[in-house]
$ cat my_file.txt   # compact mmCIF, C-alpha atoms
# COMPACT_ATOMS: atom_id res chain seq x y z
CA MET S 12 24.91 19.24 59.87
CA ARG S 13 27.57 20.65 57.61
CA LEU S 14 26.77 20.78 53.90
CA PRO S 15 27.06 17.31 52.32
CA GLN S 16 29.49 18.60 49.71
CA GLU S 17 31.83 19.84 52.44
CA ILE S 18 31.84 16.40 54.08
CA ILE S 19 32.48 14.77 50.69
CA ARG S 20 35.31 17.21 49.99
CA ASP S 21 36.98 16.45 53.33
CA LYS S 22 36.95 12.72 52.66
CA ARG S 23 37.99 13.22 49.04
CA ASP S 24 41.05 15.09 50.28
CA GLY S 25 41.89 12.40 52.85
CA ARG S 26 40.76 14.18 56.01
CA ALA S 27 39.13 12.28 58.86
CA LEU S 28 35.43 12.83 59.42
CA SER S 29 33.98 13.44 62.86
CA GLU S 30 31.25 11.24 64.30
CA ALA S 31 28.88 14.22 63.98
CA ASP S 32 29.73 14.64 60.28
CA ILE S 33 29.08 10.98 59.56
CA ALA S 34 25.87 10.91 61.61
CA GLY S 35 24.63 14.05 59.88
CA PHE S 36 25.38 12.75 56.40
CA ILE S 37 23.62 9.44 57.07
CA GLU S 38 20.63 11.23 58.61
CA GLY S 39 20.43 13.39 55.49
CA LEU S 40 20.60 10.29 53.29
CA THR S 41 17.76 8.69 55.26
CA ARG S 42 15.59 11.82 54.94
CA ASP S 43 16.33 12.29 51.21
CA GLU S 44 18.17 15.52 52.01
CA VAL S 45 21.35 13.99 50.52
CA THR S 46 21.00 13.33 46.80
CA GLU S 47 21.85 10.12 44.99
CA GLY S 48 24.77 11.92 43.31
CA GLN S 49 26.14 13.08 46.66
CA ALA S 50 25.81 9.57 48.12
CA ALA S 51 27.66 8.17 45.10
CA ALA S 52 30.41 10.78 45.50
CA PHE S 53 30.71 10.00 49.21
CA ALA S 54 30.99 6.26 48.44
CA MET S 55 33.69 6.91 45.84
CA ALA S 56 35.63 9.16 48.22
CA VAL S 57 35.52 6.45 50.89
CA PHE S 58 36.52 3.84 48.30
CA PHE S 59 39.71 5.72 47.45
CA ARG S 60 40.57 7.35 50.79
CA GLY S 61 39.30 4.77 53.28
CA LEU S 62 38.03 5.19 56.83
CA SER S 63 39.80 4.85 60.15
CA LEU S 64 38.48 2.33 62.69
CA GLU S 65 36.75 5.17 64.55
CA GLU S 66 35.08 6.39 61.33
CA ARG S 67 34.04 2.82 60.48
CA VAL S 68 32.41 2.36 63.88
CA ALA S 69 30.68 5.76 63.56
CA LEU S 70 29.35 4.93 60.08
CA THR S 71 28.10 1.53 61.25
CA ARG S 72 26.40 3.09 64.28
CA ALA S 73 24.77 5.84 62.23
CA MET S 74 23.40 3.40 59.66
CA THR S 75 22.19 1.00 62.37
CA HIS S 76 20.23 3.76 64.10
CA SER S 77 18.80 5.22 60.89
CA GLY S 78 15.74 3.04 61.64
CA THR S 79 14.32 0.55 64.12
CA VAL S 80 16.63 -1.66 66.21
CA LEU S 81 14.93 -4.94 67.13
CA ALA S 82 14.93 -6.67 70.51
CA TRP S 83 13.96 -10.34 70.89
CA ASP S 84 12.41 -12.43 73.67
CA LEU S 85 12.94 -16.01 72.47
CA PRO S 86 13.80 -19.28 74.27
CA GLY S 87 17.07 -19.67 72.37
CA PRO S 88 19.99 -17.61 71.07
CA VAL S 89 19.38 -15.18 68.20
CA LEU S 90 22.08 -15.91 65.62
CA ASP S 91 22.95 -15.11 62.03
CA LYS S 92 25.50 -15.68 59.31
CA HIS S 93 26.46 -13.37 56.49
CA SER S 94 28.53 -13.91 53.35
CA THR S 95 30.44 -11.19 51.53
CA GLY S 96 29.08 -12.65 48.30
CA GLY S 97 30.07 -15.05 45.63
CA VAL S 98 28.83 -17.20 42.78
CA GLY S 99 26.76 -20.28 43.55
CA ASP S 100 26.71 -19.28 47.22
CA THR S 101 23.27 -20.44 48.34
CA VAL S 102 24.49 -21.48 51.80
CA SER S 103 22.04 -19.25 53.70
CA LEU S 104 18.98 -21.27 52.67
CA PRO S 105 19.95 -24.62 54.21
CA LEU S 106 22.13 -23.11 56.97
CA ALA S 107 19.33 -21.06 58.57
CA ALA S 108 17.12 -24.14 58.73
CA MET S 109 19.92 -26.33 60.10
CA VAL S 110 20.72 -23.92 62.94
CA ALA S 111 17.03 -23.47 63.77
CA ALA S 112 16.61 -27.25 63.89
CA CYS S 113 19.35 -27.29 66.56
CA GLY S 114 17.67 -24.72 68.83
CA GLY S 115 18.86 -21.39 67.46
CA TYR S 116 16.70 -18.58 66.09
CA VAL S 117 17.85 -17.04 62.81
CA PRO S 118 16.23 -13.72 61.76
CA MET S 119 18.28 -13.30 58.59
CA ILE S 120 18.10 -10.00 56.73
CA SER S 121 19.55 -10.59 53.29
CA GLY S 122 20.24 -8.47 50.25
CA ARG S 123 19.70 -8.45 46.52
CA GLY S 124 22.50 -9.35 44.15
CA LEU S 125 25.46 -6.98 44.36
CA GLY S 126 27.85 -6.57 41.46
CA HIS S 127 28.61 -9.97 39.94
CA THR S 128 27.43 -11.88 43.02
CA GLY S 129 24.04 -13.46 43.53
CA GLY S 130 21.59 -12.24 46.19
CA THR S 131 19.78 -14.51 48.65
CA LEU S 132 16.68 -12.33 48.36
CA ASP S 133 16.55 -12.68 44.57
CA LYS S 134 16.77 -16.45 44.97
CA LEU S 135 13.90 -16.65 47.46
CA ALA S 136 11.79 -14.32 45.32
CA SER S 137 11.66 -17.11 42.72
CA ILE S 138 9.43 -19.12 45.10
CA PRO S 139 5.78 -18.32 44.28
CA GLY S 140 4.09 -16.38 47.07
CA TYR S 141 7.20 -16.04 49.26
CA ASP S 142 7.08 -12.64 50.96
CA VAL S 143 10.62 -11.26 50.88
CA ALA S 144 9.53 -7.98 52.49
CA PRO S 145 7.11 -8.66 55.34
CA GLY S 146 6.43 -6.12 58.05
CA LEU S 147 8.31 -6.36 61.32
CA ASP S 148 5.40 -8.02 63.12
CA ARG S 149 5.28 -10.83 60.59
CA PHE S 150 9.06 -11.12 60.63
CA ARG S 151 8.98 -11.61 64.40
CA LYS S 152 6.11 -14.11 64.18
CA VAL S 153 7.77 -16.25 61.49
CA THR S 154 11.10 -16.28 63.33
CA ALA S 155 9.40 -17.41 66.55
CA GLU S 156 7.23 -20.05 64.88
CA ALA S 157 9.56 -21.48 62.24
CA GLY S 158 12.87 -20.81 63.98
CA CYS S 159 14.20 -18.80 61.04
CA ALA S 160 13.03 -16.16 58.59
CA ILE S 161 15.06 -14.97 55.61
CA ILE S 162 13.79 -11.62 54.36
CA GLY S 163 14.98 -8.36 52.84
CA GLN S 164 15.49 -5.08 54.56
CA THR S 165 12.21 -3.54 55.60
CA ALA S 166 11.62 0.19 55.51
CA ASP S 167 12.26 0.20 59.25
CA LEU S 168 15.63 -1.57 59.46
CA ALA S 169 18.82 0.34 58.49
CA PRO S 170 17.08 2.36 55.73
CA ALA S 171 20.25 4.37 55.08
CA ASP S 172 22.07 1.18 54.16
CA ARG S 173 19.31 0.10 51.79
CA ARG S 174 19.69 3.32 49.81
CA LEU S 175 23.49 3.33 49.83
CA TYR S 176 23.61 -0.41 48.96
CA ALA S 177 21.68 0.17 45.71
CA ILE S 178 23.94 3.10 44.77
CA ARG S 179 27.15 1.13 45.44
CA ASP S 180 25.91 -1.70 43.23
CA VAL S 181 25.94 0.49 40.11
CA THR S 182 28.78 2.95 40.81
CA GLY S 183 31.83 0.67 41.10
CA THR S 184 32.16 1.08 44.86
CA VAL S 185 31.08 -2.38 45.99
CA GLU S 186 34.55 -3.56 46.98
CA SER S 187 35.26 -0.92 49.63
CA LEU S 188 36.27 -2.67 52.88
CA ASP S 189 34.86 0.21 54.91
CA LEU S 190 31.49 0.31 53.17
CA ILE S 191 31.12 -3.48 53.20
CA THR S 192 31.80 -3.52 56.95
CA ALA S 193 29.26 -0.80 57.73
CA SER S 194 26.65 -2.22 55.34
CA ILE S 195 26.77 -5.74 56.75
CA LEU S 196 26.95 -4.80 60.40
CA SER S 197 24.31 -2.07 60.34
CA LYS S 198 21.74 -4.62 59.18
CA LYS S 199 22.89 -7.23 61.68
CA LEU S 200 22.98 -4.83 64.62
CA ALA S 201 19.54 -3.52 63.67
CA ALA S 202 18.26 -7.11 63.70
CA GLY S 203 19.10 -7.42 67.41
CA LEU S 204 21.45 -10.40 67.10
CA GLN S 205 23.33 -12.08 69.93
CA GLY S 206 25.90 -13.74 67.69
CA LEU S 207 27.13 -13.45 64.11
CA VAL S 208 29.37 -15.58 61.91
CA MET S 209 30.89 -13.96 58.84
CA ASP S 210 31.79 -15.84 55.68
CA VAL S 211 34.46 -13.73 53.96
CA LYS S 212 35.12 -15.01 50.45
CA THR S 213 38.45 -14.88 48.66
CA GLY S 214 39.39 -15.82 45.11
CA SER S 215 38.43 -14.99 41.55
CA GLY S 216 34.71 -14.81 42.36
CA ALA S 217 35.03 -12.71 45.52
CA PHE S 218 35.10 -8.96 46.03
CA MET S 219 38.28 -9.54 48.03
CA ALA S 220 40.28 -11.50 45.48
CA SER S 221 43.44 -11.96 47.56
CA ARG S 222 43.75 -13.80 50.84
CA ALA S 223 45.29 -10.69 52.44
CA GLU S 224 42.33 -8.52 51.40
CA ALA S 225 39.85 -11.10 52.69
CA ARG S 226 41.67 -11.36 55.99
CA ALA S 227 41.70 -7.57 56.36
CA LEU S 228 37.94 -7.44 55.78
CA ALA S 229 37.33 -10.29 58.23
CA GLU S 230 39.40 -8.51 60.87
CA SER S 231 37.55 -5.24 60.19
CA ILE S 232 34.13 -6.85 60.61
CA VAL S 233 35.11 -8.81 63.71
CA THR S 234 36.71 -5.73 65.32
CA VAL S 235 33.85 -3.32 64.55
CA ALA S 236 31.16 -5.86 65.49
CA ASN S 237 32.72 -6.74 68.81
CA ALA S 238 33.33 -3.04 69.53
CA SER S 239 29.59 -2.56 68.93
CA GLY S 240 28.65 -5.34 71.37
CA LEU S 241 27.92 -8.11 68.85
CA HIS S 242 29.84 -11.36 69.42
CA THR S 243 31.27 -12.16 65.99
CA ARG S 244 33.59 -14.69 64.39
CA ALA S 245 34.71 -14.91 60.77
CA LEU S 246 35.77 -17.65 58.39
CA VAL S 247 37.75 -16.95 55.24
CA THR S 248 36.50 -19.36 52.58
CA ASP S 249 37.40 -20.18 48.99
CA MET S 250 35.61 -18.53 46.06
CA ASP S 251 38.06 -19.44 43.30
CA ALA S 252 35.24 -21.49 41.77
CA PRO S 253 31.44 -21.35 42.09
CA LEU S 254 30.61 -22.82 45.50
CA ALA S 255 27.66 -24.81 44.17
CA SER S 256 27.48 -26.35 40.72
CA SER S 257 24.45 -24.10 40.07
CA ALA S 258 24.50 -20.33 39.65
CA GLY S 259 21.36 -18.25 39.25
CA ASN S 260 18.19 -17.80 41.25
CA ALA S 261 15.58 -20.53 40.84
CA VAL S 262 18.33 -23.03 39.99
CA GLU S 263 20.10 -22.28 43.30
CA VAL S 264 16.87 -22.69 45.25
CA ALA S 265 16.45 -26.11 43.61
CA TYR S 266 20.05 -26.90 44.58
CA ALA S 267 19.37 -25.94 48.21
CA VAL S 268 16.28 -28.16 48.31
CA ASP S 269 18.32 -31.07 46.93
CA TYR S 270 20.91 -30.44 49.64
CA LEU S 271 18.35 -30.36 52.44
CA THR S 272 16.56 -33.49 51.25
CA GLY S 273 19.82 -35.36 50.73
CA ARG S 274 19.33 -35.85 46.99
CA ALA S 275 22.69 -34.17 46.38
CA ARG S 276 25.38 -32.92 48.77
CA GLU S 277 28.52 -31.72 47.03
CA PRO S 278 31.58 -31.90 49.30
CA ARG S 279 32.83 -28.28 49.07
CA PHE S 280 29.40 -26.75 49.53
CA HIS S 281 28.71 -29.10 52.44
CA ALA S 282 32.05 -28.33 54.11
CA VAL S 283 31.47 -24.56 54.06
CA THR S 284 27.84 -24.83 55.19
CA LEU S 285 28.70 -27.16 58.04
CA ALA S 286 31.66 -25.05 59.22
CA LEU S 287 29.64 -21.82 59.31
CA ALA S 288 26.65 -23.41 61.02
CA ALA S 289 28.91 -25.07 63.59
CA GLU S 290 30.45 -21.71 64.52
CA MET S 291 26.95 -20.34 65.03
CA LEU S 292 26.02 -23.15 67.43
CA VAL S 293 29.21 -22.64 69.42
CA ILE S 294 28.75 -18.85 69.63
CA GLY S 295 25.16 -19.39 70.74
CA GLY S 296 26.09 -21.89 73.46
CA LEU S 297 24.22 -24.69 71.70
CA ALA S 298 27.40 -26.78 71.42
CA ALA S 299 30.63 -26.76 73.41
CA LYS S 300 32.93 -27.18 70.43
CA GLY S 301 32.97 -27.54 66.66
CA ALA S 302 32.95 -31.34 66.52
CA GLU S 303 29.86 -31.55 68.72
CA ALA S 304 28.16 -28.85 66.67
CA GLU S 305 28.85 -30.65 63.41
CA GLU S 306 27.39 -33.87 64.82
CA ARG S 307 24.18 -32.08 65.80
CA LEU S 308 23.92 -30.35 62.43
CA THR S 309 24.51 -33.56 60.50
CA ALA S 310 21.81 -35.27 62.56
CA ALA S 311 19.40 -32.38 61.79
CA LEU S 312 20.07 -32.86 58.09
CA ASP S 313 19.89 -36.64 58.05
CA SER S 314 16.72 -36.81 60.16
CA GLY S 315 14.87 -34.36 57.94
CA ALA S 316 14.48 -31.86 60.80
CA ALA S 317 16.31 -29.08 58.93
CA CYS S 318 14.27 -29.73 55.79
CA ALA S 319 11.07 -29.49 57.83
CA VAL S 320 12.16 -26.11 59.26
CA PHE S 321 12.87 -24.77 55.76
CA SER S 322 9.49 -26.00 54.54
CA ARG S 323 7.76 -24.33 57.49
CA MET S 324 9.57 -21.04 56.89
CA VAL S 325 8.58 -21.00 53.21
CA ALA S 326 4.94 -21.76 54.00
CA THR S 327 4.72 -19.27 56.87
CA LEU S 328 6.10 -16.53 54.61
CA GLY S 329 3.44 -17.23 51.98
CA GLY S 330 5.05 -19.89 49.80
CA PRO S 331 3.51 -23.27 48.92
CA SER S 332 3.03 -25.64 51.86
CA ASP S 333 4.40 -28.51 49.75
CA PHE S 334 7.24 -26.53 48.18
CA VAL S 335 10.02 -28.92 49.26
CA GLU S 336 8.13 -31.93 47.94
CA ALA S 337 7.27 -30.28 44.62
CA ALA S 338 9.95 -27.62 44.03
CA ASP S 339 10.28 -28.58 40.36
CA ARG S 340 6.60 -27.83 39.85
CA TYR S 341 6.71 -24.42 41.55
CA LEU S 342 10.04 -22.95 40.46
CA PRO S 343 10.01 -21.09 37.12
CA ARG S 344 11.81 -22.82 34.24
CA ALA S 345 13.69 -21.20 31.39
CA PRO S 346 12.39 -21.97 27.90
CA VAL S 347 15.90 -22.65 26.55
CA VAL S 348 18.00 -25.24 28.40
CA ARG S 349 21.08 -26.66 26.71
CA PRO S 350 24.55 -27.95 27.54
CA VAL S 351 27.72 -25.91 27.03
CA THR S 352 30.38 -28.31 25.80
CA ALA S 353 34.16 -28.29 26.08
CA GLN S 354 35.93 -27.58 22.81
CA ALA S 355 39.07 -29.47 23.83
CA SER S 356 40.00 -32.35 26.10
CA GLY S 357 41.86 -31.73 29.33
CA VAL S 358 41.57 -30.82 32.99
CA VAL S 359 39.74 -27.78 34.38
CA GLU S 360 42.76 -25.80 35.56
CA ARG S 361 41.05 -22.57 36.52
CA ILE S 362 37.68 -20.81 36.50
CA GLU S 363 37.28 -17.06 36.20
CA THR S 364 34.42 -17.15 38.67
CA ARG S 365 33.59 -13.46 38.43
CA ALA S 366 33.02 -13.98 34.70
CA VAL S 367 30.53 -16.75 35.50
CA GLY S 368 28.63 -14.34 37.76
CA LEU S 369 28.64 -11.67 35.05
CA ALA S 370 27.32 -14.24 32.58
CA VAL S 371 24.38 -14.88 34.93
CA ILE S 372 23.69 -11.12 34.92
CA GLY S 373 23.88 -11.18 31.13
CA LEU S 374 21.15 -13.83 31.14
CA GLY S 375 18.92 -11.54 33.21
CA GLY S 376 19.71 -13.17 36.55
CA GLY S 377 21.20 -9.96 38.00
CA ARG S 378 21.04 -6.20 37.63
CA THR S 379 22.99 -3.47 35.87
CA ARG S 380 20.68 -0.77 37.31
CA PRO S 381 18.86 -0.69 40.68
CA GLN S 382 15.45 -0.69 38.98
CA ASP S 383 16.17 -3.69 36.74
CA ALA S 384 13.87 -6.71 37.06
CA ILE S 385 15.35 -10.17 37.63
CA ASP S 386 14.55 -13.14 35.41
CA PRO S 387 14.61 -15.91 38.05
CA ARG S 388 14.57 -18.71 35.47
CA THR S 389 18.05 -18.09 34.13
CA GLY S 390 21.51 -19.30 35.13
CA PHE S 391 23.75 -22.34 34.95
CA THR S 392 23.58 -25.84 36.38
CA GLY S 393 26.00 -28.77 36.31
CA LEU S 394 29.08 -26.53 36.35
CA ALA S 395 32.35 -28.45 36.07
CA ARG S 396 34.74 -28.10 39.00
CA PRO S 397 38.49 -27.39 39.11
CA GLY S 398 40.31 -30.68 38.59
CA ASP S 399 37.52 -32.27 36.55
CA ARG S 400 38.85 -34.16 33.53
CA LEU S 401 36.81 -33.49 30.40
CA ALA S 402 36.80 -34.95 26.92
CA LYS S 403 36.04 -32.75 23.94
CA GLY S 404 32.25 -32.42 23.77
CA ASP S 405 31.69 -33.08 27.48
CA PRO S 406 29.49 -30.48 29.21
CA ILE S 407 31.15 -27.82 31.34
CA GLY S 408 27.69 -26.68 32.37
CA VAL S 409 24.08 -26.28 31.30
CA VAL S 410 22.73 -22.85 30.40
CA HIS S 411 19.16 -21.82 31.28
CA ALA S 412 18.13 -18.86 29.13
CA ALA S 413 15.11 -16.82 28.08
CA ASP S 414 15.85 -17.20 24.36
CA GLU S 415 18.37 -18.65 21.92
CA ALA S 416 20.32 -15.42 21.50
CA ALA S 417 20.84 -15.07 25.26
CA ALA S 418 21.82 -18.74 25.47
CA ALA S 419 24.44 -18.27 22.74
CA ARG S 420 25.98 -15.28 24.53
CA ALA S 421 26.05 -17.14 27.84
CA GLU S 422 27.55 -20.20 26.20
CA ALA S 423 30.43 -18.14 24.81
CA ALA S 424 30.93 -16.37 28.18
CA LEU S 425 31.02 -19.65 30.10
CA ARG S 426 33.56 -21.22 27.75
CA ASP S 427 35.74 -18.11 28.09
CA ALA S 428 35.55 -18.40 31.90
CA TYR S 429 37.01 -21.92 31.91
CA ARG S 430 40.70 -22.68 31.44
CA ILE S 431 41.12 -26.29 30.31
CA GLY S 432 44.66 -27.64 30.11
CA GLY S 433 46.83 -30.55 31.08
CA GLU S 434 47.55 -30.02 34.77
CA PRO S 435 45.14 -30.24 37.69
CA PRO S 436 45.11 -27.12 39.88
CA ALA S 437 46.64 -27.02 43.33
CA ALA S 438 44.05 -28.03 45.92
CA ARG S 439 42.43 -25.21 47.91
CA GLU S 440 40.75 -25.85 51.22
CA PRO S 441 37.11 -24.67 51.26
CA VAL S 442 37.57 -23.18 54.74
CA MET S 443 40.89 -21.35 54.79
CA GLU S 444 41.07 -19.45 58.09
CA ARG S 445 39.14 -18.68 61.30
CA LEU S 446 39.20 -15.31 63.08
CA GLY S 447 37.60 -14.08 66.29

$ encode --input "my_file.txt" --output "structure tokens"
Amino acid sequence: MRLPQEIIRDKRDGRALSEADIAGFIEGLTRDEVTEGQAAAFAMAVFFRGLSLEERVALTRAMTHSGTVLAWDLPGPVLDKHSTGGVGDTVSLPLAAMVAACGGYVPMISGRGLGHTGGTLDKLASIPGYDVAPGLDRFRKVTAEAGCAIIGQTADLAPADRRLYAIRDVTGTVESLDLITASILSKKLAAGLQGLVMDVKTGSGAFMASRAEARALAESIVTVANASGLHTRALVTDMDAPLASSAGNAVEVAYAVDYLTGRAREPRFHAVTLALAAEMLVIGGLAAKGAEAEERLTAALDSGAACAVFSRMVATLGGPSDFVEAADRYLPRAPVVRPVTAQASGVVERIETRAVGLAVIGLGGGRTRPQDAIDPRTGFTGLARPGDRLAKGDPIGVVHAADEAAAARAEAALRDAYRIGGEPPAAREPVMERLG
């Protein structure tokens, strides 16, 4: 291949890269012949200069084939869903089990937290014994037996993306439409899927803050995926407030268990989960239309079938066999738990959702460097929603912290993230648009 610095220079100066250039650069990244600094420079050049559709497809293809590409022989469709990331977005945990309970197979390869957003893998790692990085043989076995398996990238699947993903997280290049598209789809194509549903977030807690940006990313993913032979649809959904009323790792797992068992089902979280899962059933031929799919999914929830699938997945991947029944006993708890109270009466007009995510990182629930350890105990629960009317002294949330000093910092950050005034905000639909 050409020298990496020459490829970086071409993209820095706005020139199109050939498929051979992109393939060579990604091969060098996979073999450690491209340095971390060069990968960061390449990501920054792409961030500012962008990629054409042809370059996007070439980058996705190169990253997909940087490792093993799976093939499945299962008695049902192999389906997945992916979110572009948000705060309180723990949809993947119940959704995978719901779809599996309806006859689909969901081999979900998830990531760590990225930027201010939480990572599904970090959440599941808070379950004692849960193997977030099994080998491919175990991954296949769990998917076949449980119906779903949520794991991280193995050394075999899209290894170039795993390296570039960690570099993007700490170099300010997360929000690149081109790199997001290639990162997501390389993992999904390597997983051997037959259908994919994308959840593209928009709002103050999303990487794509504006509806136009979110739509552009959704169109990019749908176009590149379908051009690569993967049947894909996308939903644009609201992230102007945390999707769940919990944000963190262990606290979001507890929230997902409450959702599956029926102890608590908040309307906005339920609407997004149901809409995404319904699209998966339709794509997979398990339902003729959305209404039928939603009926089947609701029945799987209400009957306990989805909860049983989740419990089986956790146990088969090394977690406790009675995790669902005793999640409070198994999940780690923060030593400091206290309410954050409103300092004035009024209505929650707006939430700076990105600031809530950054506050979780400040508590130790996310990373500022790739090598940072996660404190799974930390985060927020009971977060107030837009439109909630609060009296002075009412809680806007509960902070879970490792010590009093961290709790005080998080308390101040959460108060700053909330705008409390006299007028309720304009209503935003949780599912805003469908594409594909």

$ residues_near_point --input "my_file.txt" --point "(11.0, -16.0, 48.6)" --cutoff "12 Å" --atoms "all atoms listed in the file" --output "ChimeraX atom specification"
/S:104,121,123,130-145,160-163,260-261,264,321-322,324-331,334,341-342,387

$ residues_around --input "my_file.txt" --residues "Ala311 (chain S)" --least-positions-apart "3" --cutoff "8 Å" --atoms "only C-alpha atoms" --output "PyMOL selection string"
chain S and resi 109+112-113+307-308+314-317

$ closest_residue --input "my_file.txt" --among "S:Ala319, S:Leu204, S:Met443, S:Ala366" --to "Asp427 (chain S)" --atoms "all atoms listed in the file"
S:Ala366

$ closest_residue --input "my_file.txt" --among "S:Gly373, S:Lys403, S:Val110, S:Glu30" --to "Ala69 (chain S)" --atoms "all atoms listed in the file"
S:Glu30

$ closest_atom_pairs --input "my_file.txt" --of "region 379-410 of chain S" --to "region 85-102 of chain S" --cutoff "12 Å" --atoms "only C-alpha atoms" --output "JSON lines"
{"residue": "S:Gly390", "atom": "CA", "partner": "S:Gly99", "partner_atom": "CA", "distance": 10.0}
{"residue": "S:Phe391", "atom": "CA", "partner": "S:Gly99", "partner_atom": "CA", "distance": 9.3}
{"residue": "S:Thr392", "atom": "CA", "partner": "S:Gly99", "partner_atom": "CA", "distance": 9.6}
{"residue": "S:Gly393", "atom": "CA", "partner": "S:Gly99", "partner_atom": "CA", "distance": 11.2}
{"residue": "S:Leu394", "atom": "CA", "partner": "S:Gly99", "partner_atom": "CA", "distance": 9.8}

$ residues_around --input "my_file.txt" --residues "Ala166 (chain S)" --least-positions-apart "6" --cutoff "12 Å" --atoms "only C-alpha atoms" --output "PDB file with C-alpha atoms, in the coordinates of the input"
ATOM      1  CA  THR S  41      17.760   8.690  55.260  1.00  0.00           C
ATOM      2  CA  SER S  77      18.800   5.220  60.890  1.00  0.00           C
ATOM      3  CA  GLY S  78      15.740   3.040  61.640  1.00  0.00           C
ATOM      4  CA  THR S  79      14.320   0.550  64.120  1.00  0.00           C
ATOM      5  CA  VAL S  80      16.630  -1.660  66.210  1.00  0.00           C
ATOM      6  CA  ALA S 144       9.530  -7.980  52.490  1.00  0.00           C
ATOM      7  CA  PRO S 145       7.110  -8.660  55.340  1.00  0.00           C
ATOM      8  CA  GLY S 146       6.430  -6.120  58.050  1.00  0.00           C
ATOM      9  CA  LEU S 147       8.310  -6.360  61.320  1.00  0.00           C
ATOM     10  CA  ASP S 172      22.070   1.180  54.160  1.00  0.00           C
ATOM     11  CA  ARG S 173      19.310   0.100  51.790  1.00  0.00           C
ATOM     12  CA  ARG S 174      19.690   3.320  49.810  1.00  0.00           C
ATOM     13  CA  LYS S 198      21.740  -4.620  59.180  1.00  0.00           C
ATOM     14  CA  ALA S 201      19.540  -3.520  63.670  1.00  0.00           C
TER      15      ALA S 201
END

$ closest_residue --input "my_file.txt" --among "S:Leu200, S:Ala395, S:Ile294, S:Ala236" --to "Ala82 (chain S)" --atoms "only C-alpha atoms"
S:Leu200

$ atom_distance --input "my_file.txt" --atom1 "CA of Arg439 (chain S)" --atom2 "CA of Ile195 (chain S)"
26.5 Å

$ atom_distance --input "my_file.txt" --atom1 "CA of Leu196 (chain S)" --atom2 "CA of Met12 (chain S)"
24.1 Å

$ residues_around --input "my_file.txt" --residues "Gly398 (chain S)" --least-positions-apart "3" --cutoff "9 Å" --atoms "all atoms listed in the file" --output "list in words"
Val358, Val359, Glu360, Arg361, Ala395, Glu434, Pro435, Pro436, Ala437 and Ala438 of chain S

$ atom_distance --input "my_file.txt" --atom1 "CA of Glu415 (chain S)" --atom2 "CA of Val347 (chain S)"
6.6 Å

$ residues_around --input "my_file.txt" --residues "Leu188 (chain S)" --least-positions-apart "2" --cutoff "12 Å" --atoms "only C-alpha atoms" --output "PDB file with C-alpha atoms, in the frame of the given file"
ATOM      1  CA  ALA S  54      30.990   6.260  48.440  1.00  0.00           C
ATOM      2  CA  VAL S  57      35.520   6.450  50.890  1.00  0.00           C
ATOM      3  CA  PHE S  58      36.520   3.840  48.300  1.00  0.00           C
ATOM      4  CA  PHE S  59      39.710   5.720  47.450  1.00  0.00           C
ATOM      5  CA  ARG S  60      40.570   7.350  50.790  1.00  0.00           C
ATOM      6  CA  GLY S  61      39.300   4.770  53.280  1.00  0.00           C
ATOM      7  CA  LEU S  62      38.030   5.190  56.830  1.00  0.00           C
ATOM      8  CA  SER S  63      39.800   4.850  60.150  1.00  0.00           C
ATOM      9  CA  LEU S  64      38.480   2.330  62.690  1.00  0.00           C
ATOM     10  CA  ARG S  67      34.040   2.820  60.480  1.00  0.00           C
ATOM     11  CA  THR S  95      30.440 -11.190  51.530  1.00  0.00           C
ATOM     12  CA  THR S 184      32.160   1.080  44.860  1.00  0.00           C
ATOM     13  CA  VAL S 185      31.080  -2.380  45.990  1.00  0.00           C
ATOM     14  CA  GLU S 186      34.550  -3.560  46.980  1.00  0.00           C
ATOM     15  CA  LEU S 190      31.490   0.310  53.170  1.00  0.00           C
ATOM     16  CA  ILE S 191      31.120  -3.480  53.200  1.00  0.00           C
ATOM     17  CA  THR S 192      31.800  -3.520  56.950  1.00  0.00           C
ATOM     18  CA  ALA S 193      29.260  -0.800  57.730  1.00  0.00           C
ATOM     19  CA  SER S 194      26.650  -2.220  55.340  1.00  0.00           C
ATOM     20  CA  ILE S 195      26.770  -5.740  56.750  1.00  0.00           C
ATOM     21  CA  VAL S 211      34.460 -13.730  53.960  1.00  0.00           C
ATOM     22  CA  PHE S 218      35.100  -8.960  46.030  1.00  0.00           C
ATOM     23  CA  MET S 219      38.280  -9.540  48.030  1.00  0.00           C
ATOM     24  CA  GLU S 224      42.330  -8.520  51.400  1.00  0.00           C
ATOM     25  CA  ALA S 225      39.850 -11.100  52.690  1.00  0.00           C
ATOM     26  CA  ARG S 226      41.670 -11.360  55.990  1.00  0.00           C
ATOM     27  CA  ALA S 227      41.700  -7.570  56.360  1.00  0.00           C
ATOM     28  CA  LEU S 228      37.940  -7.440  55.780  1.00  0.00           C
ATOM     29  CA  ALA S 229      37.330 -10.290  58.230  1.00  0.00           C
ATOM     30  CA  GLU S 230      39.400  -8.510  60.870  1.00  0.00           C
ATOM     31  CA  SER S 231      37.550  -5.240  60.190  1.00  0.00           C
ATOM     32  CA  ILE S 232      34.130  -6.850  60.610  1.00  0.00           C
ATOM     33  CA  VAL S 235      33.850  -3.320  64.550  1.00  0.00           C
TER      34      VAL S 235
END

$ closest_residue --input "my_file.txt" --among "S:Ala338, S:Ala171, S:Val442, S:Ile19" --to "Leu285 (chain S)" --atoms "only C-alpha atoms"
S:Val442

$ residues_around --input "my_file.txt" --residues "Ala288 (chain S)" --least-positions-apart "2" --cutoff "9 Å" --atoms "all atoms listed in the file" --output "list of chain:residue names"
S:Lys92, S:Leu106, S:Ala107, S:Met109, S:Val110, S:Val208, S:Val283, S:Thr284, S:Leu285, S:Ala286, S:Glu290, S:Met291, S:Leu292, S:Val293, S:Ala304, S:Glu305, S:Leu308
